[in-house]
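Next comes target_6.tsv, with TSV, C-alpha atoms.
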```tsv
chain	number	residue	atom	x	y	z
A	2	MET	CA	-43.06	-36.64	-102.80
A	3	GLU	CA	-45.21	-36.81	-105.89
A	4	LEU	CA	-44.95	-40.03	-107.86
A	5	PRO	CA	-45.37	-40.07	-111.65
A	6	SER	CA	-47.77	-43.04	-111.66
A	7	LYS	CA	-51.04	-43.45	-109.79
A	8	TYR	CA	-50.64	-47.24	-109.72
A	9	LEU	CA	-47.22	-46.88	-108.17
A	10	ASN	CA	-48.68	-44.39	-105.74
A	11	ASN	CA	-51.47	-46.83	-104.77
A	12	VAL	CA	-49.06	-49.58	-103.76
A	13	VAL	CA	-46.71	-47.17	-102.04
A	14	GLU	CA	-49.57	-45.78	-99.95
A	15	GLN	CA	-50.65	-49.29	-98.96
A	16	PHE	CA	-47.16	-50.15	-97.75
A	17	ALA	CA	-46.81	-46.77	-96.06
A	18	SER	CA	-49.96	-47.57	-94.05
A	19	LEU	CA	-48.05	-50.32	-92.23
A	20	PRO	CA	-46.55	-49.50	-88.84
A	21	SER	CA	-43.16	-47.74	-88.92
A	22	ILE	CA	-42.98	-47.79	-92.74
A	23	GLY	CA	-42.66	-44.25	-94.09
A	24	LYS	CA	-43.35	-43.22	-97.66
A	25	ARG	CA	-39.69	-43.42	-98.62
A	26	SER	CA	-39.22	-46.94	-97.24
A	27	ALA	CA	-42.50	-47.93	-98.88
A	28	LEU	CA	-41.20	-46.76	-102.26
A	29	ARG	CA	-38.04	-48.81	-101.76
A	30	LEU	CA	-40.07	-51.95	-100.96
A	31	VAL	CA	-42.36	-51.38	-103.93
A	32	LEU	CA	-39.47	-50.81	-106.36
A	33	SER	CA	-37.98	-54.11	-105.25
A	34	LEU	CA	-41.36	-55.82	-105.80
A	35	LEU	CA	-41.57	-54.23	-109.24
A	36	LYS	CA	-38.46	-56.18	-110.26
A	37	ARG	CA	-40.19	-59.50	-109.57
A	38	SER	CA	-42.11	-61.59	-112.07
A	39	PRO	CA	-45.93	-61.45	-112.16
A	40	GLU	CA	-45.95	-65.00	-110.76
A	41	GLU	CA	-43.89	-63.98	-107.75
A	42	LEU	CA	-46.20	-61.04	-107.14
A	43	ASP	CA	-49.19	-63.40	-107.30
A	44	VAL	CA	-47.61	-65.53	-104.60
A	45	PHE	CA	-47.03	-62.39	-102.51
A	46	SER	CA	-50.57	-61.06	-102.81
A	47	ASN	CA	-52.19	-64.49	-102.45
A	48	ALA	CA	-50.38	-65.04	-99.17
A	49	ILE	CA	-52.00	-61.83	-97.90
A	50	ILE	CA	-55.50	-62.75	-99.09
A	51	GLU	CA	-55.26	-66.33	-97.85
A	52	MET	CA	-54.06	-65.22	-94.44
A	53	LYS	CA	-57.40	-63.67	-93.47
A	54	ASP	CA	-59.41	-66.70	-94.67
A	55	LYS	CA	-57.23	-69.44	-93.32
A	56	ILE	CA	-55.59	-68.25	-90.13
A	57	SER	CA	-57.63	-69.30	-87.13
A	58	TYR	CA	-57.24	-69.01	-83.40
A	59	CYS	CA	-56.82	-71.57	-80.62
A	60	SER	CA	-60.24	-72.05	-79.01
A	61	SER	CA	-58.57	-72.26	-75.62
A	62	CYS	CA	-55.96	-69.48	-75.44
A	63	GLY	CA	-56.68	-67.30	-78.48
A	64	ASN	CA	-53.23	-67.72	-80.02
A	65	ILE	CA	-52.90	-67.97	-83.79
A	66	SER	CA	-53.08	-71.64	-84.82
A	67	ASP	CA	-53.93	-73.77	-87.83
A	68	TYR	CA	-55.69	-76.23	-85.55
A	69	GLU	CA	-58.67	-76.05	-83.19
A	70	THR	CA	-56.27	-76.16	-80.23
A	71	CYS	CA	-52.75	-74.73	-80.45
A	72	SER	CA	-49.72	-76.94	-79.86
A	73	ILE	CA	-49.06	-75.45	-76.42
A	74	CYS	CA	-52.61	-75.92	-75.12
A	75	ALA	CA	-52.69	-79.40	-76.64
A	76	ASN	CA	-49.46	-80.42	-74.93
A	77	PRO	CA	-50.31	-82.59	-71.88
A	78	SER	CA	-46.88	-82.05	-70.33
A	79	ARG	CA	-47.47	-78.31	-69.87
A	80	GLU	CA	-48.91	-77.09	-66.58
A	81	HIS	CA	-52.46	-76.14	-67.51
A	82	GLU	CA	-53.22	-74.55	-64.15
A	83	THR	CA	-50.69	-71.74	-64.68
A	84	ILE	CA	-51.73	-69.14	-67.25
A	85	CYS	CA	-49.47	-66.40	-68.55
A	86	VAL	CA	-51.49	-63.46	-69.92
A	87	VAL	CA	-49.86	-61.83	-72.97
A	88	GLU	CA	-50.73	-59.28	-75.62
A	89	ASP	CA	-49.97	-61.18	-78.79
A	90	ILE	CA	-48.14	-64.07	-80.39
A	91	ARG	CA	-44.79	-62.24	-80.34
A	92	ASP	CA	-44.78	-62.31	-76.55
A	93	ILE	CA	-45.35	-66.06	-76.61
A	94	LEU	CA	-42.45	-66.52	-79.03
A	95	ALA	CA	-40.24	-64.40	-76.75
A	96	ILE	CA	-41.16	-66.30	-73.58
A	97	GLU	CA	-40.94	-69.72	-75.27
A	98	ALA	CA	-37.44	-68.78	-76.48
A	99	THR	CA	-36.32	-68.48	-72.84
A	100	ALA	CA	-37.31	-72.12	-72.16
A	101	SER	CA	-38.12	-70.94	-68.62
A	102	TYR	CA	-41.87	-71.43	-68.63
A	103	ARG	CA	-43.88	-74.66	-68.49
A	104	GLY	CA	-47.41	-73.27	-68.11
A	105	ILE	CA	-49.85	-72.21	-70.83
A	106	TYR	CA	-50.76	-68.79	-72.23
A	107	HIS	CA	-53.76	-66.59	-72.76
A	108	VAL	CA	-53.57	-64.10	-75.65
A	109	LEU	CA	-55.59	-60.90	-75.15
A	110	GLY	CA	-54.96	-59.53	-78.65
A	111	GLY	CA	-54.03	-56.11	-77.25
A	112	VAL	CA	-54.42	-54.00	-74.14
A	113	ILE	CA	-57.18	-51.70	-72.89
A	114	SER	CA	-56.51	-48.39	-74.60
A	115	PRO	CA	-59.32	-45.82	-74.48
A	116	MET	CA	-57.23	-43.48	-76.67
A	117	ASP	CA	-57.43	-46.04	-79.49
A	118	GLY	CA	-61.06	-46.82	-78.70
A	119	GLN	CA	-60.10	-50.27	-77.41
A	120	GLY	CA	-62.09	-51.35	-74.35
A	121	PRO	CA	-62.13	-54.64	-72.38
A	122	GLU	CA	-64.93	-56.00	-74.60
A	123	ASP	CA	-62.63	-55.72	-77.66
A	124	LEU	CA	-60.09	-58.04	-76.07
A	125	ASN	CA	-60.08	-61.78	-75.52
A	126	ILE	CA	-60.70	-61.38	-71.76
A	127	LYS	CA	-64.02	-63.19	-71.27
A	128	PRO	CA	-62.72	-66.72	-72.04
A	129	LEU	CA	-59.98	-66.18	-69.45
A	130	LEU	CA	-62.53	-65.22	-66.79
A	131	GLU	CA	-64.62	-68.28	-67.71
A	132	LYS	CA	-61.59	-70.53	-67.26
A	133	VAL	CA	-60.99	-68.98	-63.87
A	134	ALA	CA	-64.65	-69.39	-62.90
A	135	GLN	CA	-64.47	-73.09	-63.78
A	136	GLY	CA	-61.85	-73.42	-61.03
A	137	ASN	CA	-59.07	-74.90	-63.15
A	138	VAL	CA	-56.59	-72.08	-62.64
A	139	LYS	CA	-54.06	-71.83	-59.80
A	140	GLU	CA	-51.88	-68.95	-60.97
A	141	ILE	CA	-52.24	-66.04	-63.38
A	142	ILE	CA	-49.01	-64.36	-64.52
A	143	PHE	CA	-49.38	-60.90	-66.05
A	144	ALA	CA	-46.84	-60.42	-68.85
A	145	LEU	CA	-48.22	-57.32	-70.57
A	146	SER	CA	-46.17	-54.30	-71.60
A	147	SER	CA	-45.06	-52.10	-68.74
A	148	THR	CA	-47.12	-49.13	-69.95
A	149	MET	CA	-50.15	-47.30	-68.58
A	150	GLU	CA	-52.36	-49.33	-70.91
A	151	GLY	CA	-50.74	-52.58	-69.81
A	152	ASP	CA	-51.10	-51.68	-66.14
A	153	THR	CA	-54.76	-50.72	-66.67
A	154	THR	CA	-55.43	-54.06	-68.31
A	155	ASN	CA	-53.67	-55.96	-65.52
A	156	PHE	CA	-55.73	-54.10	-62.95
A	157	TYR	CA	-59.01	-54.70	-64.81
A	158	ILE	CA	-58.41	-58.46	-64.91
A	159	PHE	CA	-57.07	-58.48	-61.36
A	160	LYS	CA	-60.33	-56.98	-60.07
A	161	LYS	CA	-62.42	-59.47	-62.04
A	162	ILE	CA	-60.58	-62.50	-60.66
A	163	ALA	CA	-60.25	-61.15	-57.11
A	164	PRO	CA	-63.20	-63.24	-55.80
A	165	TYR	CA	-61.41	-66.47	-56.74
A	166	ASN	CA	-58.60	-68.05	-54.80
A	167	ILE	CA	-55.84	-67.59	-57.36
A	168	VAL	CA	-52.20	-66.56	-57.07
A	169	VAL	CA	-51.69	-63.49	-59.25
A	170	THR	CA	-48.13	-62.60	-60.21
A	171	THR	CA	-46.43	-60.29	-62.67
A	172	LEU	CA	-43.05	-60.36	-64.41
A	173	SER	CA	-40.26	-58.99	-62.26
A	174	ARG	CA	-38.92	-55.64	-63.45
A	175	GLY	CA	-35.35	-54.63	-62.91
A	176	VAL	CA	-31.97	-53.91	-64.41
A	177	SER	CA	-31.37	-56.05	-67.51
A	178	VAL	CA	-28.93	-58.92	-67.24
A	179	GLY	CA	-25.60	-57.81	-68.71
A	180	THR	CA	-26.41	-54.10	-68.54
A	181	GLU	CA	-24.07	-51.58	-66.95
A	182	LEU	CA	-25.91	-50.07	-64.02
A	183	HIS	CA	-25.59	-46.43	-65.07
A	184	TYR	CA	-27.40	-47.13	-68.34
A	185	ALA	CA	-30.57	-48.30	-66.56
A	186	ASP	CA	-33.38	-45.72	-66.43
A	187	GLU	CA	-34.32	-44.28	-63.02
A	188	LEU	CA	-37.69	-45.98	-62.78
A	189	THR	CA	-36.27	-49.42	-63.48
A	190	LEU	CA	-33.29	-48.94	-61.17
A	191	GLY	CA	-35.60	-47.64	-58.42
A	192	ARG	CA	-37.81	-50.70	-58.75
A	193	SER	CA	-34.83	-53.07	-58.64
A	194	ILE	CA	-33.75	-51.58	-55.33
A	195	LEU	CA	-37.20	-51.65	-53.76
A	196	GLN	CA	-37.84	-55.18	-55.02
A	197	ARG	CA	-34.35	-56.46	-54.17
A	198	LEU	CA	-33.98	-60.23	-53.93
A	199	PRO	CA	-32.20	-62.55	-51.49
A	200	PHE	CA	-28.75	-63.03	-53.01
A	201	GLU	CA	-29.10	-66.81	-52.79
A	202	SER	CA	-31.98	-66.68	-55.29
A	203	THR	CA	-29.52	-65.70	-58.05
A	204	PHE	CA	-27.77	-69.09	-57.74
A	205	LYS	CA	-30.80	-70.91	-59.15
B	25	MET	CA	-38.57	-68.40	-84.76
B	26	GLU	CA	-41.16	-71.07	-85.46
B	27	LEU	CA	-44.65	-69.78	-86.07
B	28	PRO	CA	-47.69	-71.84	-85.09
B	29	SER	CA	-49.48	-71.36	-88.42
B	30	LYS	CA	-48.25	-72.14	-91.89
B	31	TYR	CA	-50.46	-69.43	-93.41
B	32	LEU	CA	-49.01	-66.87	-91.04
B	33	ASN	CA	-45.57	-68.17	-91.89
B	34	ASN	CA	-46.26	-67.80	-95.63
B	35	VAL	CA	-47.08	-64.10	-95.38
B	36	VAL	CA	-44.27	-63.42	-92.95
B	37	GLU	CA	-41.78	-65.02	-95.34
B	38	GLN	CA	-43.08	-62.95	-98.22
B	39	PHE	CA	-42.64	-59.72	-96.28
B	40	ALA	CA	-39.26	-60.86	-94.97
B	41	SER	CA	-38.13	-61.28	-98.60
B	42	LEU	CA	-38.31	-57.50	-99.04
B	43	PRO	CA	-35.09	-55.51	-98.65
B	44	SER	CA	-34.12	-54.64	-95.05
B	45	ILE	CA	-37.20	-56.33	-93.57
B	46	GLY	CA	-36.17	-59.06	-91.15
B	47	LYS	CA	-38.42	-61.85	-89.94
B	48	ARG	CA	-39.31	-60.00	-86.74
B	49	SER	CA	-40.30	-56.80	-88.54
B	50	ALA	CA	-42.20	-58.90	-91.08
B	51	LEU	CA	-44.20	-60.51	-88.26
B	52	ARG	CA	-45.04	-57.07	-86.87
B	53	LEU	CA	-46.27	-55.88	-90.28
B	54	VAL	CA	-48.31	-59.02	-90.80
B	55	LEU	CA	-49.92	-58.85	-87.33
B	56	SER	CA	-51.01	-55.30	-88.12
B	57	LEU	CA	-52.47	-56.48	-91.44
B	58	LEU	CA	-54.27	-59.27	-89.63
B	59	LYS	CA	-56.26	-56.67	-87.70
B	60	ARG	CA	-57.67	-55.23	-90.92
B	61	SER	CA	-60.92	-56.22	-92.59
B	62	PRO	CA	-60.91	-58.65	-95.56
B	63	GLU	CA	-61.92	-55.69	-97.78
B	64	GLU	CA	-58.88	-53.67	-96.71
B	65	LEU	CA	-56.65	-56.67	-97.37
B	66	ASP	CA	-58.18	-57.01	-100.83
B	67	VAL	CA	-57.30	-53.39	-101.56
B	68	PHE	CA	-53.75	-54.07	-100.35
B	69	SER	CA	-53.18	-57.18	-102.43
B	70	ASN	CA	-54.94	-55.79	-105.49
B	71	ALA	CA	-52.65	-52.77	-105.48
B	72	ILE	CA	-49.73	-55.20	-105.70
B	73	ILE	CA	-51.22	-57.27	-108.52
B	74	GLU	CA	-52.36	-54.23	-110.49
B	75	MET	CA	-48.97	-52.61	-110.23
B	76	LYS	CA	-47.27	-55.13	-112.50
B	77	ASP	CA	-50.01	-54.96	-115.14
B	78	LYS	CA	-50.57	-51.24	-115.19
B	79	ILE	CA	-47.30	-49.52	-114.43
B	80	SER	CA	-45.50	-48.66	-117.63
B	81	TYR	CA	-42.32	-46.84	-118.51
B	82	CYS	CA	-41.63	-43.64	-120.40
B	83	SER	CA	-40.61	-44.62	-123.93
B	84	SER	CA	-38.01	-41.87	-123.93
B	85	CYS	CA	-36.21	-41.99	-120.57
B	86	GLY	CA	-37.35	-45.27	-118.99
B	87	ASN	CA	-38.86	-43.64	-115.90
B	88	ILE	CA	-42.05	-45.08	-114.39
B	89	SER	CA	-45.04	-43.33	-115.95
B	90	ASP	CA	-48.72	-43.90	-116.59
B	91	TYR	CA	-48.35	-42.33	-120.01
B	92	GLU	CA	-46.35	-43.10	-123.15
B	93	THR	CA	-44.04	-40.18	-122.33
B	94	CYS	CA	-43.37	-39.07	-118.75
B	95	SER	CA	-44.21	-35.54	-117.60
B	96	ILE	CA	-40.56	-34.49	-117.59
B	97	CYS	CA	-39.78	-35.71	-121.11
B	98	ALA	CA	-43.08	-34.24	-122.32
B	99	ASN	CA	-42.30	-30.82	-120.85
B	100	PRO	CA	-41.15	-28.50	-123.67
B	101	SER	CA	-39.57	-26.04	-121.24
B	102	ARG	CA	-36.98	-28.59	-120.06
B	103	GLU	CA	-33.59	-28.69	-121.79
B	104	HIS	CA	-33.79	-31.88	-123.83
B	105	GLU	CA	-30.14	-31.75	-124.86
B	106	THR	CA	-28.90	-32.27	-121.31
B	107	ILE	CA	-29.43	-35.78	-119.95
B	108	CYS	CA	-28.84	-36.80	-116.34
B	109	VAL	CA	-28.20	-40.56	-116.04
B	110	VAL	CA	-29.70	-42.06	-112.86
B	111	GLU	CA	-30.31	-45.48	-111.36
B	112	ASP	CA	-34.00	-45.31	-110.55
B	113	ILE	CA	-37.00	-43.09	-109.92
B	114	ARG	CA	-35.88	-42.25	-106.37
B	115	ASP	CA	-32.86	-40.40	-107.75
B	116	ILE	CA	-35.14	-38.35	-110.02
B	117	LEU	CA	-37.36	-37.47	-107.04
B	118	ALA	CA	-34.29	-36.42	-105.08
B	119	ILE	CA	-32.84	-34.25	-107.86
B	120	GLU	CA	-36.23	-32.73	-108.74
B	121	ALA	CA	-36.65	-31.79	-105.06
B	122	THR	CA	-33.54	-29.58	-105.34
B	123	ALA	CA	-35.15	-27.52	-108.13
B	124	SER	CA	-31.61	-27.09	-109.48
B	125	TYR	CA	-31.90	-29.04	-112.71
B	126	ARG	CA	-33.70	-28.12	-115.93
B	127	GLY	CA	-32.57	-30.96	-118.21
B	128	ILE	CA	-34.14	-34.38	-118.66
B	129	TYR	CA	-33.23	-37.79	-117.23
B	130	HIS	CA	-32.34	-41.27	-118.34
B	131	VAL	CA	-33.18	-44.12	-115.96
B	132	LEU	CA	-30.89	-47.15	-116.20
B	133	GLY	CA	-32.88	-49.30	-113.77
B	134	GLY	CA	-29.75	-50.28	-111.86
B	135	VAL	CA	-25.98	-50.39	-112.29
B	136	ILE	CA	-23.61	-52.92	-113.81
B	137	SER	CA	-23.03	-55.47	-111.07
B	138	PRO	CA	-21.40	-58.75	-112.11
B	139	MET	CA	-21.77	-60.04	-108.53
B	140	ASP	CA	-25.57	-59.85	-108.91
B	141	GLY	CA	-25.40	-61.16	-112.48
B	142	GLN	CA	-26.40	-57.76	-113.86
B	143	GLY	CA	-24.58	-56.81	-117.05
B	144	PRO	CA	-24.94	-53.80	-119.39
B	145	GLU	CA	-27.54	-55.65	-121.47
B	146	ASP	CA	-29.84	-55.90	-118.42
B	147	LEU	CA	-29.92	-52.12	-118.08
B	148	ASN	CA	-31.70	-49.45	-120.08
B	149	ILE	CA	-28.43	-48.30	-121.73
B	150	LYS	CA	-29.12	-48.92	-125.42
B	151	PRO	CA	-31.83	-46.24	-125.83
B	152	LEU	CA	-29.42	-43.70	-124.30
B	153	LEU	CA	-26.71	-44.61	-126.82
B	154	GLU	CA	-29.26	-44.33	-129.63
B	155	LYS	CA	-30.24	-40.85	-128.48
B	156	VAL	CA	-26.57	-39.89	-128.47
B	157	ALA	CA	-26.04	-41.38	-131.93
B	158	GLN	CA	-28.94	-39.32	-133.27
B	159	GLY	CA	-26.94	-36.23	-132.33
B	160	ASN	CA	-29.52	-34.60	-130.06
B	161	VAL	CA	-27.45	-34.66	-126.90
B	162	LYS	CA	-25.02	-31.95	-125.79
B	163	GLU	CA	-24.25	-33.03	-122.22
B	164	ILE	CA	-24.47	-36.25	-120.24
B	165	ILE	CA	-24.39	-35.93	-116.43
B	166	PHE	CA	-23.55	-39.10	-114.50
B	167	ALA	CA	-25.53	-39.20	-111.24
B	168	LEU	CA	-25.08	-42.83	-110.22
B	169	SER	CA	-24.13	-44.03	-106.76
B	170	SER	CA	-20.52	-43.42	-105.82
B	171	THR	CA	-19.72	-47.14	-105.59
B	172	MET	CA	-17.54	-49.48	-107.60
B	173	GLU	CA	-20.62	-50.61	-109.52
B	174	GLY	CA	-21.66	-47.03	-110.20
B	175	ASP	CA	-18.17	-46.10	-111.37
B	176	THR	CA	-18.02	-49.17	-113.63
B	177	THR	CA	-21.33	-48.21	-115.21
B	178	ASN	CA	-20.19	-44.60	-115.71
B	179	PHE	CA	-17.04	-45.82	-117.38
B	180	TYR	CA	-18.88	-48.30	-119.62
B	181	ILE	CA	-21.20	-45.57	-120.93
B	182	PHE	CA	-18.33	-43.07	-121.14
B	183	LYS	CA	-16.41	-45.39	-123.46
B	184	LYS	CA	-19.48	-45.98	-125.63
B	185	ILE	CA	-20.17	-42.28	-126.14
B	186	ALA	CA	-16.50	-41.25	-126.49
B	187	PRO	CA	-16.68	-41.07	-130.33
B	188	TYR	CA	-19.35	-38.37	-130.13
B	189	ASN	CA	-18.72	-34.74	-129.34
B	190	ILE	CA	-20.53	-34.59	-126.01
B	191	VAL	CA	-19.69	-32.91	-122.72
B	192	VAL	CA	-19.64	-35.62	-120.03
B	193	THR	CA	-19.87	-34.49	-116.41
B	194	THR	CA	-20.49	-36.11	-113.05
B	195	LEU	CA	-21.93	-34.83	-109.79
B	196	SER	CA	-19.38	-33.02	-107.65
B	197	ARG	CA	-18.39	-34.94	-104.52
B	198	GLY	CA	-17.38	-33.17	-101.38
B	199	VAL	CA	-18.15	-32.31	-97.80
B	200	SER	CA	-21.91	-32.04	-97.27
B	201	VAL	CA	-23.38	-28.60	-96.81
B	202	GLY	CA	-23.94	-27.98	-93.09
B	203	THR	CA	-21.61	-30.77	-92.00
B	204	GLU	CA	-18.84	-30.23	-89.47
B	205	LEU	CA	-15.59	-30.92	-91.23
B	206	HIS	CA	-14.27	-33.55	-88.82
B	207	TYR	CA	-17.31	-35.77	-89.45
B	208	ALA	CA	-16.57	-36.07	-93.18
B	209	ASP	CA	-14.93	-39.35	-94.23
B	210	GLU	CA	-11.33	-39.23	-95.46
B	211	LEU	CA	-12.13	-40.08	-99.08
B	212	THR	CA	-14.74	-37.34	-99.37
B	213	LEU	CA	-12.60	-34.77	-97.58
B	214	GLY	CA	-9.62	-35.69	-99.76
B	215	ARG	CA	-11.68	-35.21	-102.90
B	216	SER	CA	-13.00	-31.85	-101.72
B	217	ILE	CA	-9.45	-30.57	-101.30
B	218	LEU	CA	-8.21	-31.86	-104.66
B	219	GLN	CA	-11.32	-30.58	-106.44
B	220	ARG	CA	-11.41	-27.25	-104.60
B	221	LEU	CA	-13.46	-24.51	-106.22
B	222	PRO	CA	-12.88	-20.78	-106.79
B	223	PHE	CA	-14.40	-19.11	-103.72
B	224	GLU	CA	-16.48	-16.79	-105.92
B	225	SER	CA	-18.39	-19.81	-107.26
B	226	THR	CA	-20.05	-20.26	-103.86
B	227	PHE	CA	-21.82	-16.90	-104.23
B	228	LYS	CA	-24.01	-18.26	-107.04
```
Could you write out this file's structure as structure tokens?
Amino acid sequence: MELPSKYLNNVVEQFASLPSIGKRSALRLVLSLLKRSPEELDVFSNAIIEMKDKISYCSSCGNISDYETCSICANPSREHETICVVEDIRDILAIEATASYRGIYHVLGGVISPMDGQGPEDLNIKPLLEKVAQGNVKEIIFALSSTMEGDTTNFYIFKKIAPYNIVVTTLSRGVSVGTELHYADELTLGRSILQRLPFESTFK
Amino acid sequence: MELPSKYLNNVVEQFASLPSIGKRSALRLVLSLLKRSPEELDVFSNAIIEMKDKISYCSSCGNISDYETCSICANPSREHETICVVEDIRDILAIEATASYRGIYHVLGGVISPMDGQGPEDLNIKPLLEKVAQGNVKEIIFALSSTMEGDTTNFYIFKKIAPYNIVVTTLSRGVSVGTELHYADELTLGRSILQRLPFESTFK
């Protein structure tokens, strides 16, 4: 797809560099931007520039926050001795939306992925280990993606915190609520049988 | 979905204002941008700002072009008396990719759509009518979307150029090449029967 303008091509290539945006979708986005006024485009591009300068991270959990401490870590009614380890802010939004969790979070900013050149030192793991070492943590809940990289990361942290007397849990895996059984993949269905629960626990 | 940072929220809302990008997808795009260096973000936002200043339009057909006349209009080996009327640059890319067309184009920049407050005067129609009035046009091919808005626009232009002695054609509609017949929608299938072609014409 050869575009008749190098300036158009520049913007299209920038948009196409975003995840899951192909060159065709990028062109569609850019053509819609092209219909906006220069002022609107200034607002758009300023938001991008400002983001990097202004967005900061919670000094406690590593979540994105405009303040020194994020609203969850700063909330005294949350259980600060239970820490749920997640990849990024989207996981926090997802778990918060369930209204099922009263503890706090720790955001790693990714998972260990040697293929992408991402090792443990590139992630926000050290502050978590320090918290644990200070003895303020009772339970760590792993809520990373159920992938090889996620499992590797879980295991890495698990080994590091093994010397401390901490309950380590992970999200239960199983057939989705509301799913017809025959649509579940083998691995998930197998796990739900092996990790079957007392029926009474479903009344809670 | 309430985000814990107003700067993050600003960018996410900007991206979510693009067509077919929801707030969740926008957040994913923004989080990937957030991992880039400030220099890379400058390149991204500059491409957007520059676009509006630098992108210009072919004075003849209205297509996006870095030059006064686009490469198609400037090409002497194209048939300048045949004009294909399209909505935007994507349609030109699509038709050029077929290598089946030797004429030139005219880009309207949209279709007449009263619902969106877009009338004939908002489109690049006048220069087309002027070209016709100058007597340099032998055939006009309508290649707009097959929607009510597209049909309205075709009809509007058709009426305007009726006084001149010009062949007016439109793209043939019919069952897609390579499609199994029973997947075609009724309207399309109906049209392909009514507008059936001499079998010999398929040998070309």
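All chain B residues having an atom within 7 Å of chain A, based on only C-alpha atoms, amount to Pro28, Ser29, Tyr31, Leu32, Asn34, Val35, Gln38, Leu42, Pro43, Leu53, Leu58, Pro62, Leu65, Asp66, Phe68, Ser69, Ala71, Ile72, Ile73, Met75, Lys76, Lys78, Ile79, Ile88, Ser89 and Asp90 of chain B.
Counting from CA of Ala27 (chain A), the distance to CA of Val110 (chain B) is 19.8 Å.
Residues with any atom within 12 Å of Ser170 (chain B), counting only C-alpha atoms and excluding same-chain neighbours fewer than 3 positions away, are B:Val110, B:Glu111, B:Val135, B:Phe166, B:Ala167, B:Glu173, B:Gly174, B:Asp175, B:Thr176, B:Thr177, B:Asn178, B:Thr194, B:Leu195, B:Ser196, B:Arg197, B:Gly198, B:Leu211, B:Thr212.
Using all atoms listed in the file, the nearest neighbour of Leu124 (chain A) within the list A:Val86, A:Glu201, A:Glu181, A:Asn166 is A:Val86.
Atom to atom, CA of Val191 (chain B) and CA of Asn99 (chain B) stand 22.8 Å apart.
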